[in-house]
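Enquirer: Structure in structure tokens, see below.
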Amino acid sequence: MSTIDPAGPSASRVAYLWWWMLGGSILLAALVLLLLLVALFRRGVADRETGGHKRVWIVGLGLAMPIAVLMVLLGFALWIGERNLPTGPPAQTIEVTAYNYGWEFCYEDGTCSQNVLRLPTQRPVDLDIRSTDVIHSLWIPRLAGKMDAIPGQVNRLRIEANAPGIYEAVCAEYCGIGHAGHRFVVEAYDDPVPDSMMELAR
Amino acid sequence: MKALELHRELTRIWQNEPGWRGVLSSVSHTDLGKRFIVTAAAFFGIGGVLAMLIRAQLATPQSAFAGPEVYGQIFTMHGSIMMFLFAIPMLEGLAIYLLPKILGARDLAYPRLTALGWWCYLFGGTIMILALLGGVAPDAGWFLYPPLSGREFTPGINSDVWLLGITFVEISAISAAIEIVVTILKFRAANMSLTRMPILAWYLLATAGMIIFGFPPLILASILLEVERAFGWPFFQPELGGSPLLWQHLFWLFGHPEVYIIFLPAAGALSTIIPVMARTPLIGYSAIVAAVLALAFLSFGLWVHHMFTTGIPHMALGFFSAASVLVAIPTAVQIFAWIGTIWAGRPKFTLPMYYILGFFITFVIGGLTGVMLAIVPFDQQAHDTAFVTAHLHYVLVGGFVFPMLAAAYYWLPHVAGRTRVMRVGIAAFWLIFIGFNLTFLHMHLTGLLGMPRRVYTYPVEAGWTTLNLISSIGGFMQAFGFALFAIDVALQRRLGSRTRRDPWEAETLEWAMPTPPAQYNFASLPTVDSREPLTRNRDLGADLAGGRGLLGRAVGRRRETLAVDIATGTPEHVAILPGPSLIPLQTALVIGGFFLSLLAGLYWLAPVFIAAISVMVWRWVATTGTVRDLGPIDAGDGFCLPTSFAVRGSVGYWGSILAIAVSATLFASLIFGYLFLWVVAPNWPPSGQFDVFFLEPAIVTLGTLLAVGGGRAGLRDFRKAKRGCLASAGGSVLAITGLLLGALRHLPGPTEHSFAAAAWTLTGYAIFSAGVGILVQLFICRRIASKHVCAERPNEMGIAALWSDYGAGVALVVIWLVALSSAVL
């Protein structure tokens, strides 16, 4: 269930972004708190009562520093966001329907499964997500960010699993009293998916 | 003995009525400010108990403490109480108590409105708490997303309690906002130009402006959802052309500015307290004012960052992401200005300073995680997880609760006239600060490990057990800290030793009065020539008490304060304020009856209460004004000023403009909703044939011209006033007739499709607005007959014209919008 133990390209890119942001944030927080500490405890320094270095505080630290940091961050994030979009043809498209309280997955071959999503590994797969009742949100933390299931519209999410295995998934949008138990699992198989496993999944 | 005599006379004029009646009829901003603060603190306690229940439930996996039904009510009410019944009213309380005192005035612009706001807040909040005790509290989350909150999935009254209770409470936010803006613009010390205002006034001005434009979208959303629940108008139902996303847009159009509405007054308190504690002036006053205004503006452009996972195209998200990170810049300006101020000064380690340092650490972390969440791909992972829970508590506790605790200790000597007794406050600080971080710091990790929000239980295998247990321990530690804080405040209130005037050696005017303050604030009103009036003249308080300022006089029972020119602060007129009155309480009761009748489903009763509210408002305005010619007043210092009845730009005029701005924002949100449904919602266009019609628009256009022309006739030539107001009322009647005919003859039933529902709602709003126009013009006719309005006192005619113009204008826009839509469909 961990977003920082990613198992697919989309989640990996976000985890990478997270570690960079964490590092940057720690540096910035350290800078601010260090300045605060010095401000509190420096005593008997000559420039007191002169109003300090107003320009450094307001223009340098208040304006220029955040603008520079944020521009870099925004560019980085936009690039990652674009790469996580469902562009290019998927290996397959799976119809997902969320409801109180379960998940139905219908595949291109016309079969459907309940609360188990079968995937091939190392292939991009698009999920077309719908809801029949209230708003839900599909989230497989180790594979990708979440996407809401909203009545009246279809939202597309691209996922891909690097390796075979079982990945837990939850509903992330509060959907009523069954919300905590509104979960499913993803089973990723190397190609070709064995028939027996297909049967099991159904 | 002049000072003592003046004190006695002014106390006679400004004191409350004796006994219980005095409690019910008080309109004093000092009393009501304290009531707001105490009531908000009580709701904070209730919200805190709910938080402890949440932590008790989540301390262990598979806990059997609360089931999902109860848990849903607990977390929904925790969020709703903390936002609407604690944070907003607390900042209103701070503003109501302090504002006239820091500006050098005797009361707020509308003392009775202050009282109405508090009663509405108390009654609305009580309804919600009673629902909680009765087990029918809202349970769809504090954001109340439909369809979950709709009739089908929440058949009980749970959602209605939220929609009606919160809207009732919001009357206090809107009225406080209007009052704050007008007070800041008009009721200042002589010569206090805008650039000489205490920095807190700028913050409160921005906050109030944001409430005026931020709350109407939520009120509209609440009305639409309540109408859908009650009468089946399908605004949010996709199968009938509605969209659940419309709710989310309207909700967050309010919900994000809301965060800054909460943060800005707290930041204002910091900008006030930090320079005093650092014993040096605040650096970058104008940069901070610019930052605050930028923050207020930007905060309206980033609501979509709560909707990054709803399937909106990535490039559109990128725009809102950029806008969201931009707010970090004005925030950084303030943070570094504060640190720079401490750097330049000689800081004192007083108790408020502890909480200020707690603020810095907490808020910086919250701000940085906020930037992370503004980043689209990261938010798509972190959204709706414990990471966001952690972030929002860092921002709101860091950015509001810690500054408010600092403010509490800073202004307690003012409220109580006493100083601290023991070091209990320090222990409370450490419990709160350590407890808070023990609850929330690692909760970021809990979220990254995949724990969603709003789950009442989680499996053992998930690996979140230890993290949650630590959070629960931290939570209970915080609770002890807050209890200790409450005890400390009570001790200081009762047992503290008497303090001298201005114990902190502060620079703002609230310290230029005896503490605890007298009901009239200042025996005479100050004239200022800088931002730090007390630094220039340490004896200012004594001078004012001795009557050596403006309006240091007591005449009859007249409550007088100074009104100034908006920009320069030059004295302009003498405002005469109303005294104690039961009308605010009675009006709040009638409004409460209206909301309760809706809650009980007795819809036939609601129009009766609307009529009763109109009667109350009529009585309210009818008890202002005068039939005597008061003539100019000698205000002292060579100023001979007219009274508010004789001028055109009185506070009533400015307040009406702001109230109309609130209404117009609601109208604009409604038009936004209508176009949004048209463009975005599925199942459009509606089936069926739509007529092209021009007769009704022509009728409404004629009515509008008559309403506007008639309302202005008396202002140009008073001899035409009586006929003018009748003509204006008649014009509004004509406009309403046209609107009704248009809707009845050409629109399908409102339950058939969201188009019809939206068009009927627009028509209903237009009829309401034009109806207000009729009432104000009939009121003017009555006031001309009673001699309250005459050629020398034209003020009310100008105000009435604003309202009838607006109503007629709305009618015109709506009928043409509906007619042209029908033609296009």
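Residues are referred to by chain and number: the chain letter is A, B, ... according to the order shown in the structure tokens, the number counts from 1 in that chain, and ligands are numbered separately from 1 in the order shown.
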Pull the closest atom pair for each residue of chain B that gets at most 7 Å from chain A, along with the distance in Å to one decimal, counting only C-alpha atoms, ordering rows by chain and then ascending residue number, as a Markdown table.
Expert:
| residue | atom | partner | partner_atom | distance |
| --- | --- | --- | --- | --- |
| B:Pro68 | CA | A:Ile177 | CA | 5.1 |
| B:Glu69 | CA | A:Ile177 | CA | 5.9 |
| B:Ala140 | CA | A:Gly176 | CA | 6.9 |
| B:Pro147 | CA | A:Val134 | CA | 5.2 |
| B:Leu148 | CA | A:Val134 | CA | 5.4 |
| B:Pro238 | CA | A:Gly152 | CA | 5.1 |
| B:Ile283 | CA | A:Lys54 | CA | 6.5 |
| B:Gly284 | CA | A:Lys54 | CA | 6.8 |
| B:Thr309 | CA | A:Met147 | CA | 5.0 |
| B:Thr310 | CA | A:Asp148 | CA | 5.2 |
| B:Gly311 | CA | A:Asn155 | CA | 5.5 |
| B:Gly318 | CA | A:Leu78 | CA | 6.9 |
| B:Ala322 | CA | A:Leu74 | CA | 6.8 |
| B:Val325 | CA | A:Leu70 | CA | 6.9 |
| B:Ile329 | CA | A:Pro66 | CA | 6.0 |
| B:Ala332 | CA | A:Gly62 | CA | 4.8 |
| B:Val333 | CA | A:Gly62 | CA | 3.9 |
| B:Phe336 | CA | A:Trp57 | CA | 5.5 |
| B:Ala337 | CA | A:Trp57 | CA | 6.1 |
| B:Ile339 | CA | A:Leu36 | CA | 5.8 |
| B:Gly340 | CA | A:Trp57 | CA | 6.0 |
| B:Ile342 | CA | A:Ala39 | CA | 5.7 |
| B:Trp343 | CA | A:Ala39 | CA | 4.0 |
| B:Ala344 | CA | A:Gly52 | CA | 5.0 |
| B:Gly345 | CA | A:Arg48 | CA | 6.5 |
| B:Pro347 | CA | A:Leu40 | CA | 6.3 |
| B:Val364 | CA | A:Ala29 | CA | 6.5 |
| B:Ile365 | CA | A:Ala29 | CA | 6.9 |
| B:Leu368 | CA | A:Ser25 | CA | 6.1 |
| B:Met372 | CA | A:Met21 | CA | 6.9 |
| B:Ile375 | CA | A:Ala77 | CA | 6.3 |
| B:Val376 | CA | A:Gly81 | CA | 6.8 |
| B:Pro377 | CA | A:Gly81 | CA | 5.3 |
| B:Phe378 | CA | A:Val14 | CA | 5.8 |
| B:Gln380 | CA | A:Gly145 | CA | 4.6 |
| B:Gln381 | CA | A:Gly145 | CA | 4.2 |
| B:Asp384 | CA | A:Ala172 | CA | 5.9 |
| B:Leu448 | CA | A:Thr3 | CA | 5.5 |
| B:Leu449 | CA | A:Ser2 | CA | 4.0 |
| B:Gly450 | CA | A:Met1 | CA | 5.1 |
| B:Pro452 | CA | A:Ala172 | CA | 5.6 |
| B:Arg454 | CA | A:Tyr174 | CA | 6.4 |
| B:Val455 | CA | A:Ala180 | CA | 4.6 |
| B:Tyr456 | CA | A:Ala180 | CA | 6.3 |
| B:Thr457 | CA | A:Ala180 | CA | 6.3 |
| B:Pro682 | CA | A:Gly152 | CA | 6.3 |
Enquirer: Let me see the file: selected residues, C-alpha atoms, as a PDB file, in the first residue's frame.
Expert:
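Dumped everything to out_37.pdb:
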ATOM      1  CA  PRO B  68     -19.257   3.451  10.656  1.00  0.00           C
ATOM      2  CA  GLU B  69     -22.600   5.288  11.100  1.00  0.00           C
ATOM      3  CA  ALA B 140     -21.400  12.874   4.513  1.00  0.00           C
ATOM      4  CA  PRO B 147     -24.835  12.465  -4.573  1.00  0.00           C
ATOM      5  CA  LEU B 148     -23.810  10.964  -1.201  1.00  0.00           C
ATOM      6  CA  PRO B 238     -26.419  13.668 -14.018  1.00  0.00           C
ATOM      7  CA  ILE B 283       9.681  46.028   8.828  1.00  0.00           C
ATOM      8  CA  GLY B 284       8.046  46.316   5.415  1.00  0.00           C
ATOM      9  CA  THR B 309      -8.420  13.820  -9.215  1.00  0.00           C
ATOM     10  CA  THR B 310     -11.814  14.607 -10.746  1.00  0.00           C
ATOM     11  CA  GLY B 311     -10.692  14.120 -14.333  1.00  0.00           C
ATOM     12  CA  GLY B 318      -1.419  23.025 -14.415  1.00  0.00           C
ATOM     13  CA  ALA B 322       0.729  27.398 -10.668  1.00  0.00           C
ATOM     14  CA  VAL B 325       2.100  27.657  -5.507  1.00  0.00           C
ATOM     15  CA  ILE B 329       5.165  34.047  -2.309  1.00  0.00           C
ATOM     16  CA  ALA B 332       6.996  34.052   2.345  1.00  0.00           C
ATOM     17  CA  VAL B 333       7.104  37.858   2.281  1.00  0.00           C
ATOM     18  CA  PHE B 336      10.592  36.845   6.350  1.00  0.00           C
ATOM     19  CA  ALA B 337       9.287  40.275   7.333  1.00  0.00           C
ATOM     20  CA  ILE B 339      11.851  37.159  11.134  1.00  0.00           C
ATOM     21  CA  GLY B 340      13.537  40.337   9.906  1.00  0.00           C
ATOM     22  CA  ILE B 342      12.826  39.954  15.274  1.00  0.00           C
ATOM     23  CA  TRP B 343      16.335  40.210  13.806  1.00  0.00           C
ATOM     24  CA  ALA B 344      16.242  43.997  13.982  1.00  0.00           C
ATOM     25  CA  GLY B 345      14.827  44.097  17.492  1.00  0.00           C
ATOM     26  CA  PRO B 347      13.105  40.085  21.501  1.00  0.00           C
ATOM     27  CA  VAL B 364       6.525  26.508   7.925  1.00  0.00           C
ATOM     28  CA  ILE B 365       6.059  22.736   7.789  1.00  0.00           C
ATOM     29  CA  LEU B 368       5.920  23.389   2.601  1.00  0.00           C
ATOM     30  CA  MET B 372       3.822  19.749  -2.324  1.00  0.00           C
ATOM     31  CA  ILE B 375       1.857  19.826  -7.367  1.00  0.00           C
ATOM     32  CA  VAL B 376      -0.564  17.840  -9.530  1.00  0.00           C
ATOM     33  CA  PRO B 377       1.125  14.390  -9.777  1.00  0.00           C
ATOM     34  CA  PHE B 378       2.034  14.336  -6.100  1.00  0.00           C
ATOM     35  CA  GLN B 380      -2.955  12.610  -7.094  1.00  0.00           C
ATOM     36  CA  GLN B 381      -1.088  10.249  -4.770  1.00  0.00           C
ATOM     37  CA  ASP B 384      -7.642  12.103   0.456  1.00  0.00           C
ATOM     38  CA  LEU B 448       2.201   8.005   2.134  1.00  0.00           C
ATOM     39  CA  LEU B 449       1.897   4.418   3.341  1.00  0.00           C
ATOM     40  CA  GLY B 450      -1.589   4.439   1.869  1.00  0.00           C
ATOM     41  CA  PRO B 452      -7.054   7.015   3.241  1.00  0.00           C
ATOM     42  CA  ARG B 454     -12.371   9.028   6.773  1.00  0.00           C
ATOM     43  CA  VAL B 455     -11.999   5.293   7.362  1.00  0.00           C
ATOM     44  CA  TYR B 456     -13.355   4.120  10.701  1.00  0.00           C
ATOM     45  CA  THR B 457     -11.130   1.057  10.763  1.00  0.00           C
ATOM     46  CA  PRO B 682     -24.127  15.256 -19.332  1.00  0.00           C
TER      47      PRO B 682
END
Enquirer: If we count only C-alpha atoms and set the cut-off at 7 Å, which residues sit around segment 506-520 of chain B, ignoring sequence neighbours fewer than 6 positions away in its own chain? Please answer as a tab-separated table (two decimals) with N, CA and C atoms, in the first residue's frame.
Expert:
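Wrote result.tsv, looks like this:
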chain	number	residue	atom	x	y	z
B	10	LEU	N	-20.70	59.40	30.19
B	10	LEU	CA	-20.61	58.50	29.03
B	10	LEU	C	-21.06	57.10	29.41
B	11	THR	N	-20.76	56.67	30.62
B	11	THR	CA	-21.20	55.35	31.05
B	11	THR	C	-22.72	55.30	31.07
B	14	TRP	N	-23.73	54.78	27.44
B	14	TRP	CA	-23.28	53.60	26.71
B	14	TRP	C	-23.54	52.29	27.44
B	15	GLN	N	-23.95	52.35	28.72
B	15	GLN	CA	-24.07	51.07	29.44
B	15	GLN	C	-25.29	50.27	28.96
B	101	LYS	N	-11.44	49.58	18.85
B	101	LYS	CA	-10.43	50.04	19.81
B	101	LYS	C	-9.11	50.37	19.11
B	102	ILE	N	-8.73	49.57	18.11
B	102	ILE	CA	-7.46	49.90	17.44
B	102	ILE	C	-7.63	51.06	16.46
B	103	LEU	N	-8.89	51.32	16.05
B	103	LEU	CA	-9.12	52.41	15.11
B	103	LEU	C	-9.43	53.71	15.82
B	104	GLY	N	-9.69	53.65	17.10
B	104	GLY	CA	-10.02	54.86	17.84
B	104	GLY	C	-11.48	55.26	17.72
B	106	ARG	N	-15.79	54.37	19.01
B	106	ARG	CA	-16.51	53.93	20.21
B	106	ARG	C	-17.28	52.64	20.00
B	198	PRO	N	-3.37	50.78	11.74
B	198	PRO	CA	-2.62	49.66	12.30
B	198	PRO	C	-2.70	48.48	11.33
B	276	VAL	N	5.92	44.26	18.90
B	276	VAL	CA	5.88	44.66	20.32
B	276	VAL	C	6.85	43.79	21.11
B	414	HIS	N	-5.79	43.19	28.48
B	414	HIS	CA	-6.72	44.22	28.04
B	414	HIS	C	-8.14	43.86	28.43
B	415	VAL	N	-8.51	42.60	28.21
B	415	VAL	CA	-9.88	42.17	28.48
B	415	VAL	C	-10.13	42.13	29.99
B	416	ALA	N	-9.15	41.58	30.72
B	416	ALA	CA	-9.36	41.33	32.14
B	416	ALA	C	-8.79	42.44	33.02
B	417	GLY	N	-7.87	43.20	32.47
B	417	GLY	CA	-7.19	44.20	33.30
B	417	GLY	C	-6.26	43.57	34.32
B	532	GLU	N	2.21	54.84	14.96
B	532	GLU	CA	2.45	54.47	16.35
B	532	GLU	C	2.09	55.62	17.27
B	533	PRO	N	0.80	55.89	17.41
B	533	PRO	CA	0.38	57.07	18.17
B	533	PRO	C	0.89	57.05	19.61
B	534	LEU	N	1.05	55.85	20.20
B	534	LEU	CA	1.47	55.80	21.60
B	534	LEU	C	2.96	56.05	21.77
B	535	THR	N	3.75	55.79	20.72
B	535	THR	CA	5.17	56.06	20.82
B	535	THR	C	5.41	57.57	20.87
B	540	LEU	N	-1.13	59.57	25.93
B	540	LEU	CA	-2.33	59.72	25.10
B	540	LEU	C	-3.56	59.22	25.85
B	541	GLY	N	-3.42	58.07	26.52
B	541	GLY	CA	-4.56	57.49	27.25
B	541	GLY	C	-5.12	58.47	28.27
Enquirer: Quote the spacing between atom CA of Gly301 of chain B and atom CA of Val397 of chain B in Å to one decimal place.
Expert: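 Those two atoms sit 23.7 Å apart.
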Enquirer: Determine the nearest neighbour of Glu104 of chain A from the options A:Arg123, A:Ala91, A:Leu27, A:Val185, counting only C-alpha atoms.
Expert: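 With only C-alpha atoms as the atom set, the closest residue is A:Val185.
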Enquirer: Closest to Met128 of chain B among B:Ile46, B:Ile361, B:Leu53, B:Ile262, using only C-alpha atoms?
Expert: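 Among the listed residues, B:Ile46 lies closest to Met128 of chain B.
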Enquirer: With DSSP run on the backbone, what are the strand (DSSP E or B) residues within chain A? I'd like them as a VMD selection string.
Expert: chain A and resid 92 to 99 102 to 106 112 to 114 116 to 121 125 to 131 136 to 139 147 to 149 155 to 159 161 165 to 171 183 to 189
Enquirer: Please write the residues from the selection above to a file, keeping C-alpha atoms, as a compact mmCIF listing (two decimals), in the first residue's frame.
Expert:
# COMPACT_ATOMS: atom_id res chain seq x y z
CA GLN A 92 -5.79 -2.79 -23.32
CA THR A 93 -8.63 -0.71 -21.92
CA ILE A 94 -10.59 -1.99 -18.95
CA GLU A 95 -14.02 -0.70 -18.00
CA VAL A 96 -14.23 -0.05 -14.26
CA THR A 97 -17.49 0.50 -12.41
CA ALA A 98 -17.44 1.55 -8.77
CA TYR A 99 -20.54 1.10 -6.65
CA GLY A 102 -17.61 -3.03 -4.72
CA TRP A 103 -15.69 -2.74 -7.96
CA GLU A 104 -16.44 -4.36 -11.30
CA PHE A 105 -13.80 -4.72 -14.00
CA CYS A 106 -14.81 -5.60 -17.55
CA CYS A 112 -15.88 -9.22 -16.04
CA SER A 113 -14.50 -9.72 -12.53
CA GLN A 114 -15.58 -8.41 -9.15
CA VAL A 116 -10.12 -8.29 -8.54
CA LEU A 117 -8.37 -6.46 -11.35
CA ARG A 118 -6.21 -8.62 -13.60
CA LEU A 119 -3.35 -6.95 -15.44
CA PRO A 120 -0.52 -7.98 -17.70
CA THR A 121 2.85 -6.71 -16.47
CA VAL A 125 -3.34 -0.31 -19.37
CA ASP A 126 -6.10 2.31 -19.40
CA LEU A 127 -8.90 2.18 -16.86
CA ASP A 128 -12.16 3.85 -17.88
CA ILE A 129 -13.73 4.63 -14.54
CA ARG A 130 -17.43 5.12 -13.88
CA SER A 131 -19.74 5.15 -10.90
CA HIS A 136 -15.69 7.01 -5.34
CA SER A 137 -12.00 7.21 -6.06
CA LEU A 138 -9.86 4.43 -7.45
CA TRP A 139 -6.44 4.22 -5.86
CA MET A 147 -8.78 8.95 -10.12
CA ASP A 148 -12.35 9.70 -9.05
CA ALA A 149 -15.34 7.67 -10.18
CA ASN A 155 -12.44 9.30 -16.18
CA ARG A 156 -9.42 7.58 -17.69
CA LEU A 157 -6.38 6.51 -15.67
CA ARG A 158 -3.25 4.87 -17.06
CA ILE A 159 -1.55 2.25 -14.92
CA ALA A 161 2.78 -2.84 -13.16
CA GLY A 165 2.31 -9.73 -7.88
CA ILE A 166 -0.67 -8.61 -5.85
CA TYR A 167 -1.28 -4.94 -5.20
CA GLU A 168 -3.85 -3.66 -2.75
CA ALA A 169 -6.23 -0.90 -3.75
CA VAL A 170 -8.74 1.23 -1.86
CA CYS A 171 -11.51 3.71 -2.39
CA ARG A 183 -11.28 -2.22 -1.43
CA PHE A 184 -10.04 -4.46 -4.22
CA VAL A 185 -6.83 -6.17 -5.25
CA VAL A 186 -4.80 -5.98 -8.43
CA GLU A 187 -3.25 -9.18 -9.72
CA ALA A 188 -0.48 -8.62 -12.23
CA TYR A 189 0.65 -11.57 -14.35
Enquirer: Write out as a VMD selection string which residues come within 9 Å of segment 700-710 of chain B when counting only C-alpha atoms, dropping same-chain ones fewer than 4 positions away.
Expert: chain B and resid 695 to 696 714 720 to 721 723 to 739 773 to 774 801 804 to 809 811 to 812 815
Enquirer: Store the residues picked out above in a file with C-alpha atoms, as a PDB file, in the first residue's frame.
Expert:
ATOM      1  CA  LEU B 695     -43.487  39.840 -24.685  1.00  0.00           C
ATOM      2  CA  GLU B 696     -42.364  39.104 -21.116  1.00  0.00           C
ATOM      3  CA  GLY B 714     -36.803  62.260  -5.427  1.00  0.00           C
ATOM      4  CA  LYS B 720     -41.276  64.431  -6.921  1.00  0.00           C
ATOM      5  CA  ALA B 721     -40.128  62.038  -4.202  1.00  0.00           C
ATOM      6  CA  ARG B 723     -44.685  59.949  -6.665  1.00  0.00           C
ATOM      7  CA  GLY B 724     -41.218  58.636  -7.516  1.00  0.00           C
ATOM      8  CA  CYS B 725     -41.102  55.968  -4.839  1.00  0.00           C
ATOM      9  CA  LEU B 726     -44.604  54.779  -5.710  1.00  0.00           C
ATOM     10  CA  ALA B 727     -43.660  54.622  -9.399  1.00  0.00           C
ATOM     11  CA  SER B 728     -40.498  52.699  -8.548  1.00  0.00           C
ATOM     12  CA  ALA B 729     -42.432  50.157  -6.463  1.00  0.00           C
ATOM     13  CA  GLY B 730     -44.943  49.830  -9.303  1.00  0.00           C
ATOM     14  CA  GLY B 731     -42.122  49.258 -11.769  1.00  0.00           C
ATOM     15  CA  SER B 732     -40.785  46.418  -9.624  1.00  0.00           C
ATOM     16  CA  VAL B 733     -44.286  44.896  -9.444  1.00  0.00           C
ATOM     17  CA  LEU B 734     -44.423  45.034 -13.233  1.00  0.00           C
ATOM     18  CA  ALA B 735     -41.004  43.366 -13.477  1.00  0.00           C
ATOM     19  CA  ILE B 736     -42.089  40.564 -11.148  1.00  0.00           C
ATOM     20  CA  THR B 737     -45.234  40.064 -13.200  1.00  0.00           C
ATOM     21  CA  GLY B 738     -43.172  39.729 -16.345  1.00  0.00           C
ATOM     22  CA  LEU B 739     -40.775  37.275 -14.708  1.00  0.00           C
ATOM     23  CA  GLY B 773     -36.940  46.806  -4.264  1.00  0.00           C
ATOM     24  CA  ILE B 774     -40.703  47.129  -3.689  1.00  0.00           C
ATOM     25  CA  ALA B 801     -32.459  53.629  -4.784  1.00  0.00           C
ATOM     26  CA  SER B 804     -34.457  49.016  -6.071  1.00  0.00           C
ATOM     27  CA  ASP B 805     -31.966  49.630  -8.908  1.00  0.00           C
ATOM     28  CA  TYR B 806     -30.253  46.361  -8.133  1.00  0.00           C
ATOM     29  CA  GLY B 807     -33.503  44.373  -7.967  1.00  0.00           C
ATOM     30  CA  ALA B 808     -34.734  45.826 -11.230  1.00  0.00           C
ATOM     31  CA  GLY B 809     -31.371  45.211 -12.889  1.00  0.00           C
ATOM     32  CA  ALA B 811     -34.901  41.122 -13.183  1.00  0.00           C
ATOM     33  CA  LEU B 812     -33.787  42.524 -16.525  1.00  0.00           C
ATOM     34  CA  ILE B 815     -35.539  37.526 -18.136  1.00  0.00           C
TER      35      ILE B 815
END
Enquirer: Report as a VMD selection string all protein, DNA and RNA residues lying within 9 Å of Glu560 of chain B, evaluated on only C-alpha atoms, omitting residues in the same chain fewer than 2 positions from it.
Expert: chain B and resid 106 551 554 to 555 558 562 574 to 577
Enquirer: Identify, on the basis of only C-alpha atoms, every residue whose closest approach to Arg35 of chain B does not exceed 10 Å; exclude the query and any residue fewer than 2 positions from it along the same chain; express the result as a JSON list (two decimals) with N, CA and C atoms, in the first residue's frame.
Expert:
[["chain", "number", "residue", "atom", "x", "y", "z"],
["B", 29, "HIS", "N", -19.98, 46.28, 21.31],
["B", 29, "HIS", "CA", -19.03, 45.41, 20.61],
["B", 29, "HIS", "C", -18.08, 44.72, 21.59],
["B", 30, "THR", "N", -17.82, 45.35, 22.74],
["B", 30, "THR", "CA", -16.95, 44.71, 23.72],
["B", 30, "THR", "C", -17.63, 43.45, 24.27],
["B", 31, "ASP", "N", -18.91, 43.59, 24.67],
["B", 31, "ASP", "CA", -19.65, 42.42, 25.16],
["B", 31, "ASP", "C", -19.75, 41.35, 24.09],
["B", 32, "LEU", "N", -20.15, 41.76, 22.89],
["B", 32, "LEU", "CA", -20.43, 40.76, 21.86],
["B", 32, "LEU", "C", -19.14, 40.12, 21.35],
["B", 33, "GLY", "N", -18.08, 40.90, 21.29],
["B", 33, "GLY", "CA", -16.79, 40.32, 20.91],
["B", 33, "GLY", "C", -16.40, 39.22, 21.89],
["B", 37, "ILE", "N", -16.02, 35.12, 21.27],
["B", 37, "ILE", "CA", -14.79, 34.39, 21.59],
["B", 37, "ILE", "C", -15.09, 33.23, 22.53],
["B", 38, "VAL", "N", -15.90, 33.50, 23.56],
["B", 38, "VAL", "CA", -16.20, 32.44, 24.53],
["B", 38, "VAL", "C", -17.03, 31.32, 23.87],
["B", 39, "THR", "N", -18.02, 31.72, 23.05],
["B", 39, "THR", "CA", -18.84, 30.71, 22.38],
["B", 39, "THR", "C", -17.98, 29.87, 21.44],
["B", 40, "ALA", "N", -17.09, 30.55, 20.68],
["B", 40, "ALA", "CA", -16.22, 29.81, 19.76],
["B", 40, "ALA", "C", -15.32, 28.85, 20.53],
["B", 41, "ALA", "N", -14.83, 29.30, 21.70],
["B", 41, "ALA", "CA", -13.97, 28.43, 22.51],
["B", 41, "ALA", "C", -14.76, 27.21, 22.98],
["B", 89, "PRO", "N", -16.07, 32.15, 13.67],
["B", 89, "PRO", "CA", -16.58, 33.00, 14.76],
["B", 89, "PRO", "C", -15.47, 33.51, 15.67],
["B", 90, "MET", "N", -14.40, 32.73, 15.86],
["B", 90, "MET", "CA", -13.31, 33.20, 16.71],
["B", 90, "MET", "C", -12.67, 34.44, 16.10],
["B", 93, "GLY", "N", -14.93, 37.29, 16.52],
["B", 93, "GLY", "CA", -14.87, 37.78, 17.89],
["B", 93, "GLY", "C", -13.68, 38.70, 18.09],
["B", 97, "TYR", "N", -14.23, 42.60, 18.93],
["B", 97, "TYR", "CA", -13.73, 43.17, 20.19],
["B", 97, "TYR", "C", -12.71, 44.28, 19.92],
["B", 115, "ALA", "N", -25.07, 42.16, 17.19],
["B", 115, "ALA", "CA", -25.87, 41.33, 18.09],
["B", 115, "ALA", "C", -26.63, 40.27, 17.29],
["B", 118, "TRP", "N", -24.38, 37.41, 16.43],
["B", 118, "TRP", "CA", -24.08, 36.49, 17.52],
["B", 118, "TRP", "C", -25.25, 35.57, 17.81],
["B", 122, "LEU", "N", -25.21, 31.58, 17.61],
["B", 122, "LEU", "CA", -25.55, 30.74, 18.77],
["B", 122, "LEU", "C", -26.67, 29.76, 18.43]]
Enquirer: Write down as a ChimeraX atom specification the residues of segment 510-659 of chain B whose backbone DSSP state falls under helix (DSSP H, G or I).
Expert: /B:510-511,533-536,540-545,583-599,603-622,644-646,651-659
